[in-house]
Structures are given as C-alpha cells and as structure tokens.
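work-v7.pdb follows (PDB, C-alpha atoms and all ligand atoms):
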```pdb
ATOM      1  CA  MET Z   1       0.000   0.000   0.000
ATOM      2  CA  LYS Z   2       1.097   3.544  -0.750
ATOM      3  CA  ILE Z   3      -0.041   6.186   1.684
ATOM      4  CA  LEU Z   4       0.176   9.927   1.118
ATOM      5  CA  VAL Z   5       0.938  11.626   4.444
ATOM      6  CA  VAL Z   6       0.241  15.343   4.749
ATOM      7  CA  SER Z   7       0.299  17.799   7.627
ATOM      8  CA  ASP Z   8      -0.276  21.468   8.363
ATOM      9  CA  VAL Z   9      -2.075  22.368   5.158
ATOM     10  CA  HIS Z  10      -3.071  25.612   6.890
ATOM     11  CA  ALA Z  11      -5.774  26.654   4.464
ATOM     12  CA  ASN Z  12      -3.297  26.904   1.589
ATOM     13  CA  GLN Z  13      -5.394  25.419  -1.208
ATOM     14  CA  VAL Z  14      -2.869  26.155  -3.963
ATOM     15  CA  ALA Z  15      -0.151  24.264  -2.074
ATOM     16  CA  PHE Z  16      -2.493  21.387  -1.197
ATOM     17  CA  GLU Z  17      -3.623  20.983  -4.796
ATOM     18  CA  ALA Z  18       0.010  21.017  -5.947
ATOM     19  CA  VAL Z  19       0.756  18.155  -3.532
ATOM     20  CA  LEU Z  20      -2.286  16.155  -4.650
ATOM     21  CA  ALA Z  21      -1.260  16.632  -8.284
ATOM     22  CA  ALA Z  22       2.406  15.738  -7.720
ATOM     23  CA  ALA Z  23       1.904  12.729  -5.437
ATOM     24  CA  PRO Z  24       1.980   9.234  -6.932
ATOM     25  CA  ALA Z  25      -1.228   7.195  -7.030
ATOM     26  CA  TYR Z  26      -2.002   6.362  -3.409
ATOM     27  CA  ASP Z  27      -4.270   3.932  -1.570
ATOM     28  CA  ALA Z  28      -4.920   6.172   1.420
ATOM     29  CA  LEU Z  29      -4.476   9.770   2.508
ATOM     30  CA  TRP Z  30      -3.464  10.477   6.105
ATOM     31  CA  ASN Z  31      -3.820  13.999   7.487
ATOM     32  CA  LEU Z  32      -1.888  14.998  10.603
ATOM     33  CA  GLY Z  33      -3.913  18.137  11.287
ATOM     34  CA  ASP Z  34      -4.007  21.927  11.089
ATOM     35  CA  THR Z  35      -5.973  21.806   7.874
ATOM     36  CA  VAL Z  36      -7.032  25.396   8.615
ATOM     37  CA  GLY Z  37      -5.556  28.484  10.255
ATOM     38  CA  TYR Z  38      -3.137  31.128   8.858
ATOM     39  CA  GLY Z  39      -4.118  30.644   5.214
ATOM     40  CA  PRO Z  40      -6.817  32.067   2.948
ATOM     41  CA  GLN Z  41      -8.901  29.010   1.909
ATOM     42  CA  PRO Z  42      -9.944  27.077   5.051
ATOM     43  CA  GLY Z  43     -13.278  25.835   3.715
ATOM     44  CA  ALA Z  44     -11.843  24.668   0.393
ATOM     45  CA  CYS Z  45      -9.082  22.723   2.182
ATOM     46  CA  ILE Z  46     -11.608  20.974   4.438
ATOM     47  CA  ASP Z  47     -13.689  20.137   1.353
ATOM     48  CA  LEU Z  48     -10.593  18.603  -0.283
ATOM     49  CA  MET Z  49      -9.921  16.459   2.807
ATOM     50  CA  VAL Z  50     -13.518  15.204   2.676
ATOM     51  CA  GLU Z  51     -13.458  14.648  -1.081
ATOM     52  CA  ARG Z  52     -10.125  12.794  -0.923
ATOM     53  CA  GLU Z  53     -11.396  10.767   2.053
ATOM     54  CA  ALA Z  54      -8.468  11.521   4.360
ATOM     55  CA  THR Z  55      -8.603   8.776   7.021
ATOM     56  CA  PRO Z  56      -7.356   9.139   9.655
ATOM     57  CA  SER Z  57      -7.649  12.892   9.616
ATOM     58  CA  LEU Z  58      -6.517  14.681  12.759
ATOM     59  CA  ALA Z  59      -7.424  17.957  14.440
ATOM     60  CA  GLY Z  60      -4.511  20.265  15.223
ATOM     61  CA  ASN Z  61      -4.470  23.244  17.551
ATOM     62  CA  HIS Z  62      -5.543  25.628  14.766
ATOM     63  CA  ASP Z  63      -8.464  23.383  13.781
ATOM     64  CA  LEU Z  64      -9.606  23.308  17.409
ATOM     65  CA  ALA Z  65      -9.225  27.088  17.708
ATOM     66  CA  ALA Z  66     -11.391  27.573  14.610
ATOM     67  CA  ILE Z  67     -14.282  25.703  16.253
ATOM     68  CA  GLY Z  68     -13.900  27.328  19.668
ATOM     69  CA  ARG Z  69     -12.402  24.287  21.391
ATOM     70  CA  LEU Z  70      -9.158  26.086  22.317
ATOM     71  CA  ASP Z  71      -8.731  29.319  24.210
ATOM     72  CA  LEU Z  72      -7.334  31.887  21.781
ATOM     73  CA  GLY Z  73      -5.316  33.273  24.698
ATOM     74  CA  ASP Z  74      -2.870  30.440  23.991
ATOM     75  CA  PHE Z  75      -2.138  31.951  20.548
ATOM     76  CA  ASN Z  76       0.094  34.899  19.673
ATOM     77  CA  PRO Z  77      -1.791  38.012  18.433
ATOM     78  CA  ILE Z  78      -1.198  37.260  14.741
ATOM     79  CA  ALA Z  79      -2.427  33.685  15.083
ATOM     80  CA  GLN Z  80      -5.455  34.982  17.037
ATOM     81  CA  THR Z  81      -6.390  37.352  14.218
ATOM     82  CA  ALA Z  82      -6.124  34.542  11.679
ATOM     83  CA  ALA Z  83      -8.078  32.127  13.912
ATOM     84  CA  ARG Z  84     -10.964  34.592  14.315
ATOM     85  CA  TRP Z  85     -11.081  35.196  10.576
ATOM     86  CA  THR Z  86     -10.962  31.428   9.923
ATOM     87  CA  ALA Z  87     -13.811  30.699  12.358
ATOM     88  CA  ALA Z  88     -16.029  33.169  10.497
ATOM     89  CA  GLN Z  89     -15.449  31.481   7.111
ATOM     90  CA  LEU Z  90     -16.628  27.950   7.876
ATOM     91  CA  ARG Z  91     -19.983  26.468   6.895
ATOM     92  CA  PRO Z  92     -21.769  24.371   9.545
ATOM     93  CA  ASP Z  93     -20.806  21.116   7.797
ATOM     94  CA  GLN Z  94     -17.149  22.191   7.682
ATOM     95  CA  ARG Z  95     -17.238  22.993  11.412
ATOM     96  CA  ALA Z  96     -18.883  19.620  12.060
ATOM     97  CA  TYR Z  97     -16.089  17.929  10.135
ATOM     98  CA  LEU Z  98     -13.412  19.553  12.325
ATOM     99  CA  GLU Z  99     -15.448  18.709  15.433
ATOM    100  CA  SER Z 100     -15.426  15.034  14.472
ATOM    101  CA  LEU Z 101     -11.625  14.710  14.293
ATOM    102  CA  PRO Z 102      -9.335  13.217  16.960
ATOM    103  CA  SER Z 103      -5.853  14.644  17.595
ATOM    104  CA  MET Z 104      -4.279  11.187  17.686
ATOM    105  CA  ALA Z 105      -5.158   7.913  15.957
ATOM    106  CA  THR Z 106      -3.764   4.588  14.846
ATOM    107  CA  ALA Z 107      -4.019   3.166  11.347
ATOM    108  CA  ALA Z 108      -2.763  -0.329  10.621
ATOM    109  CA  GLU Z 109       0.563  -0.579  12.482
ATOM    110  CA  TYR Z 110       1.128   3.168  12.565
ATOM    111  CA  THR Z 111       0.375   5.929  15.033
ATOM    112  CA  LEU Z 112      -0.542   9.475  14.022
ATOM    113  CA  ALA Z 113      -0.461  12.501  16.338
ATOM    114  CA  HIS Z 114      -0.670  16.182  15.485
ATOM    115  CA  GLY Z 115       1.948  17.523  17.923
ATOM    116  CA  SER Z 116       3.411  14.525  19.706
ATOM    117  CA  PRO Z 117       2.123  11.200  21.019
ATOM    118  CA  ARG Z 118       2.705  12.525  24.555
ATOM    119  CA  SER Z 119       0.717  15.714  24.082
ATOM    120  CA  PRO Z 120      -1.111  15.485  20.733
ATOM    121  CA  VAL Z 121      -2.432  19.036  20.495
ATOM    122  CA  TRP Z 122       0.422  21.236  21.680
ATOM    123  CA  GLU Z 123       3.828  19.582  22.075
ATOM    124  CA  TYR Z 124       6.527  20.442  19.525
ATOM    125  CA  VAL Z 125       9.035  17.652  18.921
ATOM    126  CA  THR Z 126      12.039  19.864  18.348
ATOM    127  CA  SER Z 127      14.738  18.424  20.626
ATOM    128  CA  ASP Z 128      16.404  15.059  21.054
ATOM    129  CA  VAL Z 129      15.238  14.936  24.686
ATOM    130  CA  ILE Z 130      11.584  15.517  23.769
ATOM    131  CA  ALA Z 131      11.789  13.053  20.883
ATOM    132  CA  THR Z 132      13.301  10.362  23.108
ATOM    133  CA  ALA Z 133      10.623  10.841  25.785
ATOM    134  CA  CYS Z 134       7.859  10.588  23.185
ATOM    135  CA  PHE Z 135       8.727   7.000  22.270
ATOM    136  CA  ALA Z 136       7.176   5.859  25.575
ATOM    137  CA  PHE Z 137       3.790   7.221  24.454
ATOM    138  CA  PHE Z 138       3.069   5.052  21.415
ATOM    139  CA  GLU Z 139       3.307   1.329  20.806
ATOM    140  CA  THR Z 140       3.754   1.008  17.079
ATOM    141  CA  GLY Z 141       7.048   1.071  15.208
ATOM    142  CA  VAL Z 142       6.379   4.437  13.586
ATOM    143  CA  CYS Z 143       4.541   7.527  14.772
ATOM    144  CA  PHE Z 144       3.838  10.312  12.286
ATOM    145  CA  ILE Z 145       3.715  13.815  13.738
ATOM    146  CA  GLY Z 146       3.200  17.349  12.439
ATOM    147  CA  HIS Z 147       2.812  20.743  14.174
ATOM    148  CA  SER Z 148       6.420  22.035  13.964
ATOM    149  CA  HIS Z 149       6.269  22.446  10.161
ATOM    150  CA  LEU Z 150       9.748  20.886   9.970
ATOM    151  CA  ALA Z 151      10.356  17.772   7.877
ATOM    152  CA  LEU Z 152      12.344  15.532  10.202
ATOM    153  CA  PHE Z 153      12.694  12.119  11.746
ATOM    154  CA  ALA Z 154      14.136  10.571  14.885
ATOM    155  CA  ALA Z 155      15.050   6.920  15.356
ATOM    156  CA  LEU Z 156      15.336   4.955  18.566
ATOM    157  CA  ASP Z 157      16.737   1.447  18.920
ATOM    158  CA  VAL Z 158      18.664  -0.695  21.345
ATOM    159  CA  ALA Z 159      21.958   0.673  20.079
ATOM    160  CA  ARG Z 160      20.683   4.265  20.163
ATOM    161  CA  PRO Z 161      18.765   4.787  23.405
ATOM    162  CA  LEU Z 162      18.847   8.555  22.798
ATOM    163  CA  ALA Z 163      16.950   9.531  19.678
ATOM    164  CA  THR Z 164      18.565  12.161  17.465
ATOM    165  CA  ILE Z 165      16.461  14.464  15.331
ATOM    166  CA  LYS Z 166      17.556  14.681  11.711
ATOM    167  CA  ALA Z 167      16.158  16.808   8.899
ATOM    168  CA  LEU Z 168      14.278  14.914   6.212
ATOM    169  CA  ARG Z 169      15.503  16.335   2.912
ATOM    170  CA  ALA Z 170      13.531  16.425  -0.326
ATOM    171  CA  GLY Z 171      13.951  13.151  -2.183
ATOM    172  CA  GLU Z 172      15.370  11.353   0.845
ATOM    173  CA  THR Z 173      14.232   7.797   1.525
ATOM    174  CA  LEU Z 174      13.981   6.489   5.056
ATOM    175  CA  GLU Z 175      14.341   2.714   5.148
ATOM    176  CA  LEU Z 176      12.413   1.494   8.162
ATOM    177  CA  GLY Z 177      14.539  -1.139   9.820
ATOM    178  CA  SER Z 178      14.293  -2.610  13.280
ATOM    179  CA  ALA Z 179      14.407   0.805  14.975
ATOM    180  CA  ARG Z 180      11.309   2.793  15.971
ATOM    181  CA  TYR Z 181      10.664   6.152  14.355
ATOM    182  CA  LEU Z 182       9.032   9.522  14.782
ATOM    183  CA  VAL Z 183       8.506  11.066  11.352
ATOM    184  CA  ASN Z 184       7.286  14.544  10.461
ATOM    185  CA  PRO Z 185       6.536  14.957   6.735
ATOM    186  CA  GLY Z 186       6.796  18.762   7.062
ATOM    187  CA  SER Z 187       4.080  21.273   6.239
ATOM    188  CA  VAL Z 188       2.081  21.504   3.033
ATOM    189  CA  GLY Z 189       0.905  25.052   3.484
ATOM    190  CA  GLN Z 190       3.468  26.885   5.612
ATOM    191  CA  PRO Z 191       6.911  25.207   5.679
ATOM    192  CA  ARG Z 192       9.333  26.556   8.294
ATOM    193  CA  ASP Z 193      12.543  24.692   7.506
ATOM    194  CA  GLY Z 194      13.866  27.178   4.987
ATOM    195  CA  ASP Z 195      12.474  25.376   1.940
ATOM    196  CA  PRO Z 196       9.262  27.199   0.938
ATOM    197  CA  ARG Z 197       8.038  24.367  -1.287
ATOM    198  CA  ALA Z 198       5.085  22.281  -0.071
ATOM    199  CA  ALA Z 199       6.217  19.200   1.869
ATOM    200  CA  TYR Z 200       4.673  15.736   2.019
ATOM    201  CA  ALA Z 201       5.715  12.119   2.523
ATOM    202  CA  VAL Z 202       4.796   8.818   0.947
ATOM    203  CA  LEU Z 203       4.755   5.671   3.065
ATOM    204  CA  ASP Z 204       5.149   2.415   1.169
ATOM    205  CA  THR Z 205       3.966  -0.269   3.581
ATOM    206  CA  ASP Z 206       5.121  -3.135   1.341
ATOM    207  CA  ARG Z 207       8.670  -1.897   0.875
ATOM    208  CA  HIS Z 208       8.663  -0.420   4.383
ATOM    209  CA  VAL Z 209      10.099   2.904   3.304
ATOM    210  CA  ILE Z 210       9.087   6.530   3.679
ATOM    211  CA  THR Z 211      10.108   9.050   1.042
ATOM    212  CA  ALA Z 212      10.173  12.796   1.634
ATOM    213  CA  HIS Z 213       8.990  15.092  -1.140
ATOM    214  CA  ARG Z 214       8.777  18.775  -1.966
ATOM    215  CA  VAL Z 215       6.777  20.408  -4.698
ATOM    216  CA  ALA Z 216       6.911  24.033  -5.811
ATOM    217  CA  TYR Z 217       3.568  25.827  -5.902
ATOM    218  CA  ASP Z 218       2.397  29.295  -6.911
ATOM    219  CA  ILE Z 219       3.170  31.107  -3.647
ATOM    220  CA  ARG Z 220       2.182  34.467  -5.130
ATOM    221  CA  THR Z 221      -1.398  33.303  -5.740
ATOM    222  CA  THR Z 222      -1.792  32.243  -2.108
ATOM    223  CA  GLN Z 223      -0.244  35.530  -0.979
ATOM    224  CA  ARG Z 224      -2.682  37.520  -3.137
ATOM    225  CA  GLN Z 225      -5.611  35.584  -1.680
ATOM    226  CA  MET Z 226      -4.337  36.453   1.805
ATOM    227  CA  GLU Z 227      -3.945  40.136   0.920
ATOM    228  CA  ARG Z 228      -7.453  40.234  -0.479
ATOM    229  CA  VAL Z 229      -9.016  39.036   2.794
ATOM    230  CA  GLY Z 230      -6.689  41.104   4.989
ATOM    231  CA  LEU Z 231      -4.738  38.358   6.770
ATOM    232  CA  PRO Z 232      -1.690  39.669   8.716
ATOM    233  CA  ASP Z 233       1.390  40.654   6.685
ATOM    234  CA  PRO Z 234       3.931  38.489   8.556
ATOM    235  CA  LEU Z 235       1.866  35.402   7.632
ATOM    236  CA  ILE Z 236       1.914  36.467   3.989
ATOM    237  CA  ARG Z 237       5.651  37.169   3.908
ATOM    238  CA  ARG Z 238       6.765  33.980   5.631
ATOM    239  CA  LEU Z 239       5.405  31.759   2.855
ATOM    240  CA  ARG Z 240       8.108  33.022   0.490
ATOM    241  CA  LEU Z 241      10.822  32.531   3.117
ATOM    242  CA  GLY Z 242       9.757  29.098   4.281
ATOM    243  CA  ARG Z 243      10.247  30.281   7.878
TER     244      ARG Z 243
HETATM  245 ZN    ZN Y   1       0.470  24.007  12.153
END
```
For this file, write the structure as structure tokens.
Amino acid sequence: MKILVVSDVHANQVAFEAVLAAAPAYDALWNLGDTVGYGPQPGACIDLMVEREATPSLAGNHDLAAIGRLDLGDFNPIAQTAARWTAAQLRPDQRAYLESLPSMATAAEYTLAHGSPRSPVWEYVTSDVIATACFAFFETGVCFIGHSHLALFAALDVARPLATIKALRAGETLELGSARYLVNPGSVGQPRDGDPRAAYAVLDTDRHVITAHRVAYDIRTTQRQMERVGLPDPLIRRLRLGR
C-alpha cells in the first residue's frame, strides 16, 4: 500500500492541490492536522480532505481554535487574528467535520499525532530529549507527527537509546529497519525549515520505506488571496521565506 501523508495544510489550497497533483497514485491519505488556520482558503481545504477521504484525519491546535475548542489566549496576536477570521469562514458542515476529528489515531501498524504522542495538540518535537521521551507514548514502530512544520525524523533502537532528530531532505528515503521512528513529513501550506516548497511524505507499507517530497507551488497566488481578505502581513511574507 502507498499512503500519502500530509500535515499542516493551513488553508493553503494552492499548495495542497500542488501536492495532490504531484503525489503518486495512493491507496490512502493520512492527514496529521491543522488543515485550517493562517491561510486564505480554510473551507476549500476541508472540502478537499472530505473529497479525498483523508482517514485518519486529525485535528490540530488551529483546527480546534477555529471551532472554539481552544482558548485563543494560547495563541500569539497574529495567530489569534487569523483564527478569528478562519472561524467566520466555515460552513456548519465544515465545522462539524473539524469537530469530528481526533488529535491522535492509529491506522494499521502506525500511530498518528498532530503535535506529539505525549501531548497530541500542543507539544513540539524539536529536541532530542523531547523526541526520546515521546517513544514511551506510542506502541507502534512508527509515529507520524506534524505541528512544527519541519520535515524531520528521529530513530530509537537498542543501540541508540537517545533519539537524534535529523532533517528529512527532499527526495530522501527512510528505510524502516528494526528501529522505531518519529517522522514529520513537514508542512504543506506553511513550511518553516527554509524550503518554501510544499512538503509531504509517501509511506510504502510493502517496501517499508518513507520518502520525503517537496513540490513548488504558486506562492504568489496564495499571498494575493491572503492580501485580499486582509490576513496579517507576517503570515503572507513567511510563505516566500519558508520560515
Ligand atoms: Zn500548524
């Protein structure tokens, strides 16, 4: 089976469509959350998740904020502005979709969590210490995570009791051996690892490999959409920087 793994689409429809067009034929689509927030097309991105039958599909902190399940006081002022705008755009059925999503799930022999398996909504897996601790909070060999918008992985095995975070570069293939892994495919709609192209991963369950991909998309179109609806400037600028 080939599985397309996406995360942090962040209402960037142009980027999401570029990923769907570039990805190989897949048997399942897994979504690690934050389908909305920051970007200009929240409803259209939810509709695409529904249409493409993303299962599991997770709720991230921005999805929960958009439906009033998270206190906006936990967001910085720019994220608050975007979250309020996002909440006002959704149809009732789109809100109901977000309300139905868990923040952590298992599919076959894989775990999916938005932030981390230890704290699925909020925790950022950005240090070796955090990564290592997280392995105690899932039972499968691999746990996919999102939230940090950084394409990365960390492996833990008997020989390496301290997991080390490594960047997952475009085109890189991770051969899943006997170790256990945390894998972040990176962000579709707002990458923060210096590469502004949309990020995604493909899991091949037969060959037991994960490949990391990047696809260029029309950033200017997304930026124009954001300008048109008055989303904050720093959110518009960062798309070009990939930071
Ligand atoms: Zn996010």
Contacts to ligand ZN 1 (chain Y) at 6 Å cut-off (only C-alpha atoms and all ligand atoms) as an mmCIF file with C-alpha atoms, in the coordinates of the input:
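Saved to part01.cif:
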```cif
data_model
loop_
_atom_site.group_PDB
_atom_site.id
_atom_site.type_symbol
_atom_site.label_atom_id
_atom_site.label_comp_id
_atom_site.auth_asym_id
_atom_site.auth_seq_id
_atom_site.Cartn_x
_atom_site.Cartn_y
_atom_site.Cartn_z
ATOM 1 C CA ASP Z 8 -0.276 21.468 8.363
ATOM 2 C CA ASP Z 34 -4.007 21.927 11.089
ATOM 3 C CA HIS Z 147 2.812 20.743 14.174
#
```
#### Entry: Picked residues, the PyMOL selection byres (((chain Z and resi 164) around 9) and not hetatm), as a PyMOL selection string
chain Z and resi 127-129+131-132+153-156+160+162-163+165-166
Within 12 Å of range 78-102 of chain Z, which residues of range 112-205 of chain Z show up? Give each one with its shortest atom-to-atom distance in Å (one decimal) and the two atoms involved, counting only C-alpha atoms, rows by chain then rising residue number, as JSON lines.
```
{"residue": "Z:Leu112", "atom": "CA", "partner": "Z:Pro102", "partner_atom": "CA", "distance": 10.0}
{"residue": "Z:Ala113", "atom": "CA", "partner": "Z:Pro102", "partner_atom": "CA", "distance": 8.9}
{"residue": "Z:His114", "atom": "CA", "partner": "Z:Pro102", "partner_atom": "CA", "distance": 9.3}
{"residue": "Z:Pro120", "atom": "CA", "partner": "Z:Pro102", "partner_atom": "CA", "distance": 9.3}
{"residue": "Z:Val121", "atom": "CA", "partner": "Z:Pro102", "partner_atom": "CA", "distance": 9.7}
```
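For the pair CA of Leu32 in chain Z and CA of Glu51 in chain Z, the interatomic distance is 16.4 Å.
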### Matched chain/residue IDs from the PyMOL selection byres (((chain Z and resi 63) around 8) and not hetatm), as a list of chain:residue names
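Applied to this file, the PyMOL selection byres (((chain Z and resi 63) around 8) and not hetatm) returns Z:Gly33, Z:Asp34, Z:Thr35, Z:Val36, Z:Gly37, Z:Ala59, Z:Gly60, Z:Asn61, Z:His62, Z:Leu64, Z:Ala65, Z:Ala66, Z:Ile67, Z:Leu98.
Among the candidates Z:Leu72, Z:Cys45, Z:Ala18, Z:Leu168, the residue lying nearest to Ile219 in chain Z is Z:Ala18 (atoms considered: only C-alpha atoms).
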### Message
Running the PyMOL selection byres (((chain Z and resi 111) around 10) and not hetatm) on this model by hand, what would come out? Give it as a PyMOL selection string.
### Response
chain Z and resi 56+104-110+112-113+117+138-145+182
Hey, can you spit out that residue selection with C-alpha atoms as a short mmCIF file (atom, residue, chain, number, x, y, z; two decimals), in the frame of the given file?
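Full text of again.cif as output:
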```cif
data_model
loop_
_atom_site.label_atom_id
_atom_site.label_comp_id
_atom_site.auth_asym_id
_atom_site.auth_seq_id
_atom_site.Cartn_x
_atom_site.Cartn_y
_atom_site.Cartn_z
CA PRO Z 56 -7.36 9.14 9.65
CA MET Z 104 -4.28 11.19 17.69
CA ALA Z 105 -5.16 7.91 15.96
CA THR Z 106 -3.76 4.59 14.85
CA ALA Z 107 -4.02 3.17 11.35
CA ALA Z 108 -2.76 -0.33 10.62
CA GLU Z 109 0.56 -0.58 12.48
CA TYR Z 110 1.13 3.17 12.56
CA LEU Z 112 -0.54 9.48 14.02
CA ALA Z 113 -0.46 12.50 16.34
CA PRO Z 117 2.12 11.20 21.02
CA PHE Z 138 3.07 5.05 21.42
CA GLU Z 139 3.31 1.33 20.81
CA THR Z 140 3.75 1.01 17.08
CA GLY Z 141 7.05 1.07 15.21
CA VAL Z 142 6.38 4.44 13.59
CA CYS Z 143 4.54 7.53 14.77
CA PHE Z 144 3.84 10.31 12.29
CA ILE Z 145 3.72 13.82 13.74
CA LEU Z 182 9.03 9.52 14.78
#
```
### Task
Kindly indicate which residue among Z:Gly115, Z:Pro24, Z:Pro77, Z:Gly242 lies nearest to Gln190 in chain Z, using all atoms listed in the file for the distances.
Z:Gly242
### Query
Which residues come within 12 Å of range 203-207 of chain Z, counting only C-alpha atoms, excluding same-chain residues fewer than 4 positions away, as a ChimeraX atom specification?
/Z:1-6,23-30,107-110,142-144,173-177,183-185,211-213
### Message
Can you measure CA of Arg238 in chain Z to CA of Leu48 in chain Z for me? One decimal in Å is fine.
### Response
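CA of Leu48 in chain Z lies 23.9 Å from CA of Arg238 in chain Z.
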### Task
May I ask which of the residues Z:Ser187, Z:Asn76, Z:Ser103, Z:Asn12 is the closest one to Ser116 in chain Z, counting only C-alpha atoms?
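Using only C-alpha atoms, the shortest distance to Ser116 in chain Z belongs to Z:Ser103.
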### Query
In Å, how far is it from CA of Val14 in chain Z to CA of Phe75 in chain Z?
25.2 Å
### Query
Taking all atoms listed in the file into account, which of Z:Arg237, Z:Arg243, Z:Arg214, Z:Arg228 comes nearest Asp193 in chain Z?
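Looking at the shortest contact to Asp193 in chain Z, the residue is Z:Arg243.
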### Task
Please tell me which residues are no farther than 10 Å from (14.9, 27.6, 4.0) in the file, counting only C-alpha atoms, and write them as a PyMOL selection string.
chain Z and resi 191-197+240-243
